[in-house]
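Data from run.cif: mmCIF, C-alpha atoms
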data_input
#
loop_
_atom_site.label_atom_id
_atom_site.label_comp_id
_atom_site.auth_asym_id
_atom_site.auth_seq_id
_atom_site.Cartn_x
_atom_site.Cartn_y
_atom_site.Cartn_z
CA MET A 1 0.00 0.00 0.00
CA SER A 2 2.87 2.35 0.82
CA ALA A 3 4.59 1.61 -2.50
CA VAL A 4 1.45 2.38 -4.49
CA THR A 5 0.97 5.66 -2.66
CA THR A 6 4.58 6.66 -3.26
CA THR A 7 4.31 5.85 -6.96
CA THR A 8 1.08 7.83 -7.35
CA THR A 9 2.57 10.80 -5.54
CA ALA A 10 5.61 10.72 -7.77
CA VAL A 11 3.59 10.51 -10.98
CA ALA A 12 1.16 13.33 -10.09
CA PRO A 13 3.72 16.20 -10.17
CA ALA A 14 5.15 14.89 -13.40
CA ALA A 15 1.73 14.75 -15.05
CA ALA A 16 0.92 18.24 -13.79
CA ALA A 17 4.18 19.56 -15.20
CA GLU A 18 3.33 18.15 -18.64
CA LEU A 19 -0.10 19.89 -18.82
CA PRO A 20 -0.10 23.07 -20.94
CA PRO A 21 -0.73 26.31 -19.05
CA VAL A 22 -4.38 27.33 -18.96
CA ARG A 23 -4.89 30.41 -21.12
CA ARG A 24 -6.93 33.07 -19.45
CA ARG A 25 -10.03 34.00 -21.46
CA ARG A 26 -10.10 37.61 -22.61
CA ARG A 27 -13.32 39.50 -21.85
CA LEU A 28 -14.80 41.11 -24.97
CA SER A 29 -18.21 42.15 -23.64
CA PRO A 30 -18.83 45.74 -22.44
CA GLY A 31 -19.27 44.53 -18.87
CA ARG A 32 -21.92 45.21 -16.30
CA ARG A 33 -24.32 48.08 -16.82
CA LEU A 34 -23.49 51.12 -14.69
CA PRO A 35 -26.34 52.65 -12.65
CA ALA A 36 -27.72 55.87 -14.18
CA ALA A 37 -25.00 55.72 -16.83
CA ARG A 38 -26.90 57.85 -19.35
CA LEU A 39 -26.94 60.77 -16.93
CA ALA A 40 -23.16 60.96 -16.81
CA GLY A 41 -22.82 62.75 -20.16
CA PRO A 42 -25.47 65.43 -19.50
CA LEU A 43 -24.14 66.02 -15.98
CA LEU A 44 -20.61 66.42 -17.34
CA LEU A 45 -21.83 68.99 -19.88
CA LEU A 46 -23.68 70.83 -17.12
CA ALA A 47 -20.54 70.88 -14.97
CA LEU A 48 -18.43 72.21 -17.85
CA TRP A 49 -21.07 74.85 -18.61
CA ALA A 50 -21.14 75.98 -14.96
CA ALA A 51 -17.33 76.05 -14.72
CA ALA A 52 -16.96 78.06 -17.91
CA SER A 53 -19.64 80.53 -16.77
CA ALA A 54 -18.05 80.93 -13.34
CA ALA A 55 -14.64 81.54 -14.94
CA GLY A 56 -16.08 84.20 -17.27
CA ARG A 57 -15.30 82.23 -20.42
CA LEU A 58 -18.86 82.54 -21.76
CA ASP A 59 -20.69 85.67 -22.82
CA PRO A 60 -23.69 85.99 -20.45
CA GLY A 61 -25.73 87.66 -23.20
CA ALA A 62 -25.29 84.70 -25.55
CA ILE A 63 -25.03 81.78 -23.13
CA PRO A 64 -26.30 82.65 -19.64
CA ALA A 65 -25.02 80.72 -16.64
CA PRO A 66 -26.94 77.64 -15.47
CA TRP A 67 -28.14 79.43 -12.32
CA THR A 68 -29.51 82.26 -14.44
CA VAL A 69 -31.43 79.81 -16.58
CA ALA A 70 -32.71 78.08 -13.43
CA ARG A 71 -33.99 81.39 -12.00
CA THR A 72 -35.73 82.15 -15.31
CA ALA A 73 -37.38 78.72 -15.31
CA VAL A 74 -38.66 79.26 -11.76
CA ARG A 75 -40.03 82.68 -12.72
CA LEU A 76 -41.80 81.35 -15.81
CA TRP A 77 -43.25 78.50 -13.79
CA SER A 78 -44.43 80.81 -11.00
CA ASP A 79 -46.30 83.18 -13.33
CA GLY A 80 -48.06 80.23 -15.05
CA THR A 81 -46.45 80.65 -18.47
CA LEU A 82 -44.34 77.49 -18.45
CA PRO A 83 -47.01 75.00 -17.24
CA THR A 84 -49.46 76.16 -19.94
CA ASP A 85 -46.88 75.96 -22.72
CA ILE A 86 -45.62 72.54 -21.58
CA LEU A 87 -49.15 71.12 -21.47
CA THR A 88 -49.90 72.45 -24.96
CA SER A 89 -46.70 70.99 -26.40
CA VAL A 90 -47.26 67.60 -24.75
CA GLU A 91 -50.81 67.44 -26.14
CA ARG A 92 -49.67 68.23 -29.69
CA ALA A 93 -46.82 65.73 -29.55
CA GLY A 94 -49.07 63.10 -27.95
CA TYR A 95 -51.86 63.29 -30.54
CA GLY A 96 -49.43 63.21 -33.45
CA PHE A 97 -47.44 60.37 -31.90
CA VAL A 98 -50.48 58.15 -31.34
CA ILE A 99 -51.72 58.66 -34.90
CA GLY A 100 -48.26 58.07 -36.38
CA LEU A 101 -47.73 55.00 -34.20
CA ALA A 102 -50.97 53.37 -35.35
CA ALA A 103 -50.33 54.22 -39.01
CA GLY A 104 -46.73 53.00 -38.98
CA VAL A 105 -47.50 49.65 -37.33
CA VAL A 106 -50.56 48.90 -39.50
CA LEU A 107 -48.82 49.81 -42.76
CA ALA A 108 -45.73 47.79 -41.80
CA LEU A 109 -47.81 44.70 -41.01
CA VAL A 110 -49.83 44.93 -44.21
CA SER A 111 -46.73 45.54 -46.31
CA GLY A 112 -44.59 42.96 -44.54
CA LEU A 113 -47.11 40.11 -44.58
CA SER A 114 -48.52 40.54 -48.08
CA ARG A 115 -46.84 40.93 -51.45
CA THR A 116 -49.80 42.92 -52.69
CA GLY A 117 -49.60 45.19 -49.67
CA GLU A 118 -45.87 45.63 -50.18
CA ALA A 119 -46.40 46.57 -53.83
CA LEU A 120 -49.00 49.18 -52.91
CA ILE A 121 -47.48 50.60 -49.72
CA ASP A 122 -43.70 50.28 -49.62
CA GLY A 123 -42.93 52.38 -52.68
CA THR A 124 -45.27 55.14 -51.51
CA VAL A 125 -43.67 55.24 -48.06
CA GLN A 126 -40.18 55.31 -49.56
CA LEU A 127 -41.25 58.24 -51.74
CA ASN A 128 -42.65 60.00 -48.69
CA ARG A 129 -39.41 59.35 -46.83
CA ALA A 130 -37.41 60.98 -49.63
CA ILE A 131 -39.47 64.18 -49.37
CA PRO A 132 -38.40 66.46 -46.48
CA THR A 133 -41.30 66.33 -44.04
CA LEU A 134 -40.93 69.95 -42.99
CA GLY A 135 -41.10 70.85 -46.69
CA LEU A 136 -44.71 69.65 -46.63
CA ILE A 137 -45.71 72.41 -44.20
CA PRO A 138 -46.81 74.99 -46.83
CA LEU A 139 -48.93 72.38 -48.63
CA PHE A 140 -50.52 71.12 -45.41
CA ILE A 141 -51.34 74.70 -44.39
CA LEU A 142 -53.24 75.10 -47.69
CA TRP A 143 -55.05 71.80 -47.13
CA LEU A 144 -55.73 71.88 -43.39
CA GLY A 145 -55.42 75.53 -42.42
CA ILE A 146 -53.06 77.06 -39.87
CA GLY A 147 -54.66 75.59 -36.76
CA GLU A 148 -53.75 72.54 -34.72
CA THR A 149 -54.70 69.97 -37.36
CA PHE A 150 -51.77 70.53 -39.68
CA LYS A 151 -49.30 70.49 -36.77
CA ILE A 152 -50.59 67.12 -35.56
CA ALA A 153 -50.56 65.77 -39.14
CA ILE A 154 -46.91 66.73 -39.66
CA ILE A 155 -45.90 65.16 -36.34
CA ALA A 156 -47.76 61.98 -37.32
CA ILE A 157 -45.79 61.80 -40.58
CA VAL A 158 -42.51 62.35 -38.73
CA VAL A 159 -43.45 59.50 -36.38
CA TYR A 160 -44.83 56.90 -38.77
CA ILE A 161 -41.91 56.84 -41.23
CA PRO A 162 -39.18 55.48 -38.87
CA LEU A 163 -41.71 53.14 -37.27
CA TYR A 164 -42.71 51.73 -40.63
CA LEU A 165 -39.16 51.41 -41.95
CA ASN A 166 -37.73 49.59 -38.93
CA THR A 167 -40.77 47.37 -38.33
CA HIS A 168 -40.97 46.44 -42.01
CA ALA A 169 -37.23 45.67 -42.08
CA ALA A 170 -37.62 43.43 -39.02
CA LEU A 171 -40.54 41.61 -40.63
CA SER A 172 -38.58 41.08 -43.84
CA GLY A 173 -35.65 39.75 -41.79
CA ILE A 174 -37.62 36.94 -40.14
CA ASP A 175 -35.97 33.62 -40.98
CA SER A 176 -38.02 31.75 -43.59
CA ARG A 177 -37.38 28.52 -41.69
CA TYR A 178 -39.68 29.77 -38.94
CA VAL A 179 -42.39 30.33 -41.54
CA GLU A 180 -41.90 26.82 -42.90
CA LEU A 181 -42.03 25.39 -39.38
CA ALA A 182 -45.28 27.26 -38.71
CA GLU A 183 -46.74 25.81 -41.91
CA VAL A 184 -45.66 22.30 -40.95
CA GLN A 185 -47.22 22.75 -37.51
CA GLY A 186 -50.44 23.90 -39.16
CA LEU A 187 -50.63 27.23 -37.32
CA SER A 188 -53.52 29.51 -38.12
CA ARG A 189 -52.91 33.00 -39.47
CA PHE A 190 -53.59 34.54 -36.07
CA ALA A 191 -51.31 32.08 -34.27
CA PHE A 192 -48.59 32.66 -36.86
CA VAL A 193 -48.73 36.42 -36.29
CA ARG A 194 -48.76 36.01 -32.50
CA GLN A 195 -46.01 33.39 -32.19
CA VAL A 196 -43.69 34.23 -35.09
CA VAL A 197 -44.36 37.66 -36.57
CA ILE A 198 -44.70 39.75 -33.41
CA PRO A 199 -41.61 38.33 -31.60
CA GLY A 200 -39.58 38.71 -34.79
CA ALA A 201 -40.71 42.28 -35.43
CA LEU A 202 -40.44 43.63 -31.87
CA PRO A 203 -36.68 44.46 -31.95
CA GLY A 204 -37.09 46.55 -35.10
CA PHE A 205 -40.30 48.07 -33.77
CA PHE A 206 -38.57 49.36 -30.65
CA VAL A 207 -35.73 50.87 -32.70
CA GLY A 208 -38.32 52.70 -34.80
CA LEU A 209 -40.22 53.70 -31.67
CA ARG A 210 -37.16 55.38 -30.17
CA LEU A 211 -36.53 57.30 -33.39
CA ALA A 212 -40.21 58.24 -33.59
CA VAL A 213 -40.31 59.59 -30.03
CA THR A 214 -37.28 61.78 -30.69
CA GLY A 215 -38.66 62.88 -34.07
CA SER A 216 -41.95 64.01 -32.55
CA TRP A 217 -40.13 66.47 -30.26
CA LEU A 218 -37.84 67.69 -33.06
CA GLY A 219 -40.77 68.38 -35.37
CA LEU A 220 -42.66 70.13 -32.61
CA VAL A 221 -39.90 72.74 -32.17
CA VAL A 222 -40.40 73.97 -35.74
CA LEU A 223 -44.17 73.62 -35.89
CA GLU A 224 -44.80 75.64 -32.75
CA GLN A 225 -43.08 78.63 -34.32
CA ILE A 226 -45.65 78.75 -37.17
CA ASN A 227 -48.77 80.74 -36.28
CA ALA A 228 -48.90 79.36 -32.75
CA THR A 229 -50.08 81.25 -29.69
CA SER A 230 -48.80 78.82 -27.06
CA GLY A 231 -46.30 76.02 -26.63
CA LEU A 232 -42.59 75.81 -25.92
CA GLY A 233 -41.67 76.61 -29.51
CA TYR A 234 -43.83 79.73 -29.41
CA LEU A 235 -42.20 80.73 -26.11
CA MET A 236 -38.75 80.38 -27.66
CA PHE A 237 -39.77 82.30 -30.79
CA GLN A 238 -41.06 85.20 -28.71
CA ALA A 239 -37.88 85.15 -26.63
CA GLN A 240 -35.82 85.38 -29.83
CA ASN A 241 -37.62 88.59 -30.80
CA TYR A 242 -36.72 90.17 -27.46
CA GLY A 243 -33.19 88.74 -27.24
CA GLN A 244 -33.97 86.62 -24.16
CA SER A 245 -31.40 83.86 -24.52
CA ASP A 246 -32.13 82.55 -21.03
CA VAL A 247 -35.76 81.82 -22.00
CA ILE A 248 -34.58 80.10 -25.19
CA LEU A 249 -32.26 77.88 -23.16
CA VAL A 250 -35.12 77.04 -20.78
CA GLY A 251 -37.17 75.80 -23.72
CA LEU A 252 -34.27 73.82 -25.19
CA LEU A 253 -33.51 72.18 -21.85
CA ILE A 254 -37.15 71.18 -21.41
CA TYR A 255 -37.20 69.67 -24.89
CA GLY A 256 -34.00 67.81 -24.06
CA ILE A 257 -35.41 66.49 -20.78
CA PHE A 258 -38.59 65.34 -22.51
CA GLY A 259 -36.55 63.57 -25.18
CA LEU A 260 -34.25 61.89 -22.67
CA VAL A 261 -37.10 60.77 -20.40
CA SER A 262 -39.23 59.42 -23.25
CA ASP A 263 -36.28 57.57 -24.79
CA SER A 264 -35.39 56.08 -21.40
CA ALA A 265 -39.00 54.97 -20.95
CA VAL A 266 -38.96 53.21 -24.32
CA ARG A 267 -35.64 51.54 -23.45
CA LEU A 268 -37.08 50.31 -20.15
CA ILE A 269 -40.16 48.87 -21.85
CA GLU A 270 -37.94 47.27 -24.49
CA ARG A 271 -35.80 45.55 -21.87
CA ARG A 272 -38.88 44.22 -20.10
CA VAL A 273 -40.64 43.02 -23.25
CA LEU A 274 -37.50 41.55 -24.83
CA SER A 275 -36.06 40.10 -21.63
CA TRP A 276 -35.75 36.74 -23.38
CA ARG A 277 -32.99 38.07 -25.63
CA ARG A 278 -29.34 37.92 -24.60
CA THR A 279 -27.59 40.91 -26.16
CA LEU A 280 -24.67 43.19 -25.38
CA SER A 281 -27.00 45.86 -23.99
CA SER A 282 -28.61 43.38 -21.58
#
Structure translated into structure tokens:
Amino acid sequence: MSAVTTTTTAVAPAAAAELPPVRRRRRLSPGRRLPAARLAGPLLLLALWAAASAAGRLDPGAIPAPWTVARTAVRLWSDGTLPTDILTSVERAGYGFVIGLAAGVVLALVSGLSRTGEALIDGTVQLNRAIPTLGLIPLFILWLGIGETFKIAIIAIVVYIPLYLNTHAALSGIDSRYVELAEVQGLSRFAFVRQVVIPGALPGFFVGLRLAVTGSWLGLVVLEQINATSGLGYLMFQAQNYGQSDVILVGLLIYGIFGLVSDSAVRLIERRVLSWRRTLSS
């Protein structure tokens, strides 16, 4: 028994010496998600802005200090101007977004699931995409007047185009083997859409949704400066006439906050809905 133990002990170091060294695996993924990471960039810009203002590097007439802009925002909120304009802008963006969302999804489904629908819809949407949307404003004013209707219509067009393009691209990218499997399984049309089409189209839909949310706010800035009597864009336009750069910056910051919050909300919903995917962002 002692001889066997001695032999085994003698062989073990020799065998271990002959094994090749284990190569450490290099990490290529981005790593763990940092908490509130998307606020780091805006906070850094705010800190640089405050430092440059405090050091006198910025002209107060052109770019007021952050504390000046904050005081202006408080004043506008206290006298009731800012709440009214924010509510008006949110309503315009909301109506246009809902209409554009419904149109983009329906057109993408019809075009993506039917060759006839694709022949009738896709070329028209691509033509619409090639025409600058803001260039349609004079024509829409002639058609719909200068009230709220044309503003909502333009926002809806800005919203539906990226939604359609990304959702349609996702539908076209669904692997044909899944379609063949659904046919072999004898799935109904409804079951096919629910189990194959919707999961396959959701990633592209959320990309389009993020672009659409941002586009609705960008279009609103321009539209609210055309024959409007309220809204953030109107507030900024009036401030331009009187040289009030602090009021303009208040409006821009509110637009930026709305865009960041809405984009973050869409990202959160996307992570919850697509929690089954394993991607770099997750």
Inset, instruction - Could you tell me which residues the PyMOL selection byres ((chain A and resi 82) around 12) returns for this structure, as a ChimeraX atom specification? - result: /A:72-81,83-89,230-236,247,250-251,254
Give as a short mmCIF file (atom, residue, chain, number, x, y, z; two decimals) with C-alpha atoms, in the coordinates of the input the residues that the PyMOL selection byres ((chain A and resi 149-159) around 8) matches when applied to the coordinates above.
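Wrote part03.cif, looks like this:
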data_model
loop_
_atom_site.label_atom_id
_atom_site.label_comp_id
_atom_site.auth_asym_id
_atom_site.auth_seq_id
_atom_site.Cartn_x
_atom_site.Cartn_y
_atom_site.Cartn_z
CA ARG A 92 -49.67 68.23 -29.69
CA ALA A 93 -46.82 65.73 -29.55
CA TYR A 95 -51.86 63.29 -30.54
CA GLY A 96 -49.43 63.21 -33.45
CA PHE A 97 -47.44 60.37 -31.90
CA VAL A 98 -50.48 58.15 -31.34
CA ILE A 99 -51.72 58.66 -34.90
CA GLY A 100 -48.26 58.07 -36.38
CA LEU A 101 -47.73 55.00 -34.20
CA GLY A 104 -46.73 53.00 -38.98
CA THR A 133 -41.30 66.33 -44.04
CA LEU A 134 -40.93 69.95 -42.99
CA LEU A 136 -44.71 69.65 -46.63
CA ILE A 137 -45.71 72.41 -44.20
CA PHE A 140 -50.52 71.12 -45.41
CA ILE A 141 -51.34 74.70 -44.39
CA LEU A 144 -55.73 71.88 -43.39
CA GLY A 145 -55.42 75.53 -42.42
CA ILE A 146 -53.06 77.06 -39.87
CA GLY A 147 -54.66 75.59 -36.76
CA GLU A 148 -53.75 72.54 -34.72
CA TYR A 160 -44.83 56.90 -38.77
CA ILE A 161 -41.91 56.84 -41.23
CA PRO A 162 -39.18 55.48 -38.87
CA LEU A 163 -41.71 53.14 -37.27
CA LEU A 211 -36.53 57.30 -33.39
CA ALA A 212 -40.21 58.24 -33.59
CA VAL A 213 -40.31 59.59 -30.03
CA GLY A 215 -38.66 62.88 -34.07
CA SER A 216 -41.95 64.01 -32.55
CA GLY A 219 -40.77 68.38 -35.37
CA LEU A 220 -42.66 70.13 -32.61
CA LEU A 223 -44.17 73.62 -35.89
CA GLU A 224 -44.80 75.64 -32.75
#
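Comparing A:Gly41, A:Pro138, A:Gly186, A:Pro132 by their smallest distance to Leu260 (chain A), the closest is A:Gly41 (using only C-alpha atoms).
The nearest approach to Gly204 (chain A) among the residues A:Val221, A:Val261, A:Leu274, A:Ala228, with all atoms listed in the file taken into account, belongs to A:Leu274.
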If we count all atoms listed in the file and set the cut-off at 9 Å, which residues sit around region 56-69 of chain A, ignoring sequence neighbours fewer than 4 positions away in its own chain? Please answer as a PDB file with C-alpha atoms, in the frame of the given file.
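Output file around_36.pdb is given in full below:
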ATOM      1  CA  LEU A  46     -23.680  70.830 -17.120  1.00  0.00           C
ATOM      2  CA  TRP A  49     -21.070  74.850 -18.610  1.00  0.00           C
ATOM      3  CA  ALA A  50     -21.140  75.980 -14.960  1.00  0.00           C
ATOM      4  CA  ALA A  51     -17.330  76.050 -14.720  1.00  0.00           C
ATOM      5  CA  ALA A  52     -16.960  78.060 -17.910  1.00  0.00           C
ATOM      6  CA  ALA A  73     -37.380  78.720 -15.310  1.00  0.00           C
ATOM      7  CA  VAL A  74     -38.660  79.260 -11.760  1.00  0.00           C
ATOM      8  CA  GLY A 243     -33.190  88.740 -27.240  1.00  0.00           C
ATOM      9  CA  GLN A 244     -33.970  86.620 -24.160  1.00  0.00           C
ATOM     10  CA  SER A 245     -31.400  83.860 -24.520  1.00  0.00           C
ATOM     11  CA  ASP A 246     -32.130  82.550 -21.030  1.00  0.00           C
ATOM     12  CA  VAL A 247     -35.760  81.820 -22.000  1.00  0.00           C
ATOM     13  CA  LEU A 249     -32.260  77.880 -23.160  1.00  0.00           C
ATOM     14  CA  VAL A 250     -35.120  77.040 -20.780  1.00  0.00           C
TER      15      VAL A 250
END
Legend entry - Residue members of the PyMOL selection byres ((chain A and resi 206) around 12) in the file shown, as JSON, numbers by chain: {"A": [101, 105, 162, 163, 164, 165, 166, 167, 168, 170, 198, 199, 200, 201, 202, 203, 204, 205, 207, 208, 209, 210, 211, 212, 213, 263, 264, 265, 266, 267, 268, 269, 270, 271, 272, 273, 274]}
Could you please take those selected residues and save C-alpha atoms as a CSV table (one decimal), in the coordinates of the input?
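Result went into out-v2.csv, see below:
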chain,number,residue,atom,x,y,z
A,101,LEU,CA,-47.7,55.0,-34.2
A,105,VAL,CA,-47.5,49.6,-37.3
A,162,PRO,CA,-39.2,55.5,-38.9
A,163,LEU,CA,-41.7,53.1,-37.3
A,164,TYR,CA,-42.7,51.7,-40.6
A,165,LEU,CA,-39.2,51.4,-42.0
A,166,ASN,CA,-37.7,49.6,-38.9
A,167,THR,CA,-40.8,47.4,-38.3
A,168,HIS,CA,-41.0,46.4,-42.0
A,170,ALA,CA,-37.6,43.4,-39.0
A,198,ILE,CA,-44.7,39.8,-33.4
A,199,PRO,CA,-41.6,38.3,-31.6
A,200,GLY,CA,-39.6,38.7,-34.8
A,201,ALA,CA,-40.7,42.3,-35.4
A,202,LEU,CA,-40.4,43.6,-31.9
A,203,PRO,CA,-36.7,44.5,-32.0
A,204,GLY,CA,-37.1,46.6,-35.1
A,205,PHE,CA,-40.3,48.1,-33.8
A,207,VAL,CA,-35.7,50.9,-32.7
A,208,GLY,CA,-38.3,52.7,-34.8
A,209,LEU,CA,-40.2,53.7,-31.7
A,210,ARG,CA,-37.2,55.4,-30.2
A,211,LEU,CA,-36.5,57.3,-33.4
A,212,ALA,CA,-40.2,58.2,-33.6
A,213,VAL,CA,-40.3,59.6,-30.0
A,263,ASP,CA,-36.3,57.6,-24.8
A,264,SER,CA,-35.4,56.1,-21.4
A,265,ALA,CA,-39.0,55.0,-21.0
A,266,VAL,CA,-39.0,53.2,-24.3
A,267,ARG,CA,-35.6,51.5,-23.4
A,268,LEU,CA,-37.1,50.3,-20.2
A,269,ILE,CA,-40.2,48.9,-21.8
A,270,GLU,CA,-37.9,47.3,-24.5
A,271,ARG,CA,-35.8,45.6,-21.9
A,272,ARG,CA,-38.9,44.2,-20.1
A,273,VAL,CA,-40.6,43.0,-23.2
A,274,LEU,CA,-37.5,41.6,-24.8
Inset, instruction - Go through A:Tyr242, A:Trp143, A:Gly256, A:Ser172 one by one, measure the shortest atom-to-atom distance of each to Arg115 (chain A) using all atoms listed in the file, and give the residue with the smallest value. - result: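 Between A:Tyr242, A:Trp143, A:Gly256, A:Ser172, the residue approaching Arg115 (chain A) most closely is A:Ser172.
The two atoms in question, CA of Val197 (chain A) and CA of Gly112 (chain A), are spaced 9.6 Å apart.
Separating CA of Phe190 (chain A) from CA of Leu109 (chain A) is a distance of 12.7 Å.
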Inset, instruction - For each of A:Val196, A:Val106, A:Leu113, A:Val90, take the minimum atom-to-atom distance to Arg177 (chain A), counting all atoms listed in the file, then give the residue where this is smallest. - result: A:Val196
Inset, instruction - For CA of Ala130 (chain A) and CA of Ile226 (chain A), determine how far apart the two atoms are, in Å to one decimal place. - result: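 These atoms are spaced 23.2 Å apart.
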Test item: axis-aligned box, all listed atoms of region 147-155 of chain A, 5 Å on each side, centre and edges in Å rounded to one decimal, as AutoDock Vina command-line options:
--center_x -50.3 --center_y 70.4 --center_z -37.2 --size_x 18.8 --size_y 20.4 --size_z 15.0
